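S.K.: Here it is, the structure in full.
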Amino acid sequence: MKVNDAVFVKSAVAPGDYPSQGLPEVAFAGRSNVGKSSVINCLVHRRALAKISSAPGKTRLLNFFVVNSALSLVDLPGYGFAKVPEKVRRSWGPMVETYLERRKELRLVVLLLDARHEPTKQDLQLVEWVHQHRIPSVAVVTKIDKVSRSRRKNQMGTILNSLRGFEGKMIPFSAVTGEGKASLWGEIMRACQEERAEHAGKKVKG
Ligand code: GTP
Ligand code: MG
């Protein structure tokens with residue numbers, strides 16, 4: 001994917017604030033500090049389009065970016081970080097859930113997992129929730145540069161095993177080395193070229 005142009009469009013909280021160009025959209029979800037904003041910057045070859053921080057809880061709103069005037073990337077606030085004030089933390093769940101449930105333009109959710117750890121309970125809940133809502137997804141196992149070559153296969157296997165029922169693709173990724181970038185762009189382009197997924201509002205029964 002040749003990125004000619006990537007721009008920040010706006011931050012939003014509620015559906016009334018979401019941008020309305022109607023472009024196919026890809027959202028990045030995962031634990032606070034897992035590296036969502038870094039993956040976006042890596043994909044568009046920009047150091048600081050999405051703001052990143054070594055302190056968890058940097059992204060607190062839904063941030064919309066547009067690439068090549070053709071598709072939209074959404075940086076979501078992370079979950080699972082206790083040091084964020086309770087009131088702020090409680091507003092994140094509904095903000096992200098409402099977006100994922102209602103956004104018609106949404107074609108793919110990129111589920112970020114940390115290569116160094118087994119998925120947390122909240123990671124597993126998110127994967128399950130996205131599956132139940134029939135939202136197409138891909139798992140990105142990021143910070144893979146921090147896992148030694150010898151441990152990598154085992155670690156990827158452990159993560160995949162813990163995601164019981166996950167049927168999507170799992171991509172090892174590093175925002176530092178750029179590993180996995182071409183593969184993730186491939187998934188993004190494929191999802192954006194498909195007809196609009198008719199997942200909105202439908203749940204898997206049972
Ligand atoms: P919130 O906005 O708080 O939810 O965090 P986030 O998921 O957007 O994480 P962010 O991109 O801000 O990255 C968190 C920290 O992890 C930063 O210090 C990044 O430099 C670091 N980081 C992100 N991706 C990678 C990676 O692939 N490899 C390494 N080594 N560090 C990374
Ligand atoms: Mg962030």
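Letters A, B, ... mark the chains of the structure tokens in the order given; residue numbers begin at 1 per chain; ligand numbers begin at 1, in order shown.
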Check every protein, DNA and RNA residue against ligand 2, keep those with an atom at most 12 Å away (counting only C-alpha atoms and all ligand atoms), and present them as a PyMOL selection string.
M.R.: chain A and resi 27-41+48-63+74-79+112
S.K.: Taking the backbone alone, and naming residues the way the document does, which bits of stretch 16-77 of chain A are helix (DSSP H, G or I) by DSSP, as a ChimeraX atom specification?
M.R.: /A:16-17,36-43
S.K.: May I ask which of the residues A:Leu108, A:Cys192, A:Met156, A:Val3 is the closest one to A:Val67, counting only C-alpha atoms?
M.R.: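 Smallest distance to A:Val67 is found for A:Val3.
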S.K.: Between A:Thr158, A:Asn4, A:Ser72, A:Thr98, which is the closest to A:Met189 once you count only C-alpha atoms?
M.R.: A:Ser72
S.K.: Would you mind listing what lies within 6 Å of stretch 133-144 of chain A as a ChimeraX atom specification, with only C-alpha atoms counted and same-chain residues fewer than 5 positions away left out?
M.R.: /A:108-115,168-174,199,203
S.K.: So, counting only C-alpha atoms, which residue among A:Phe65, A:Asp123, A:Asn154, A:Gly93 is closest to A:Pro19?
M.R.: A:Phe65
S.K.: From the set A:Arg116, A:His131, A:Arg149, A:Arg190, which residue has the shortest atom-to-atom contact distance to ligand 1, counting only C-alpha atoms and all ligand atoms?
M.R.: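 Using only C-alpha atoms and all ligand atoms, the shortest distance to ligand 1 belongs to A:Arg116.
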S.K.: What does the structure give for the distance between atom 31 (N, counted along the ligand's line) of ligand 1 and atom CA of A:Ala175, in Å to one decimal?
M.R.: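 A separation of 6.7 Å between them.
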S.K.: Pick out the closest residue to ligand 1 from this set: A:Lys104, A:Arg47, A:Lys121, A:Arg164. Count only C-alpha atoms and all ligand atoms.
M.R.: A:Arg47
S.K.: What does the distance between atom CA of A:Glu194 and atom CA of A:Gly22 come to in Å, to one decimal place?
M.R.: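 Separating atom CA of A:Glu194 from atom CA of A:Gly22 is a distance of 14.5 Å.
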S.K.: Have a look at A:Gln132, A:Ser183, A:Asn161, A:Thr177 and name the one nearest to ligand 1; count only C-alpha atoms and all ligand atoms.
M.R.: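 Using only C-alpha atoms and all ligand atoms, ligand 1 sits closest to A:Thr177.
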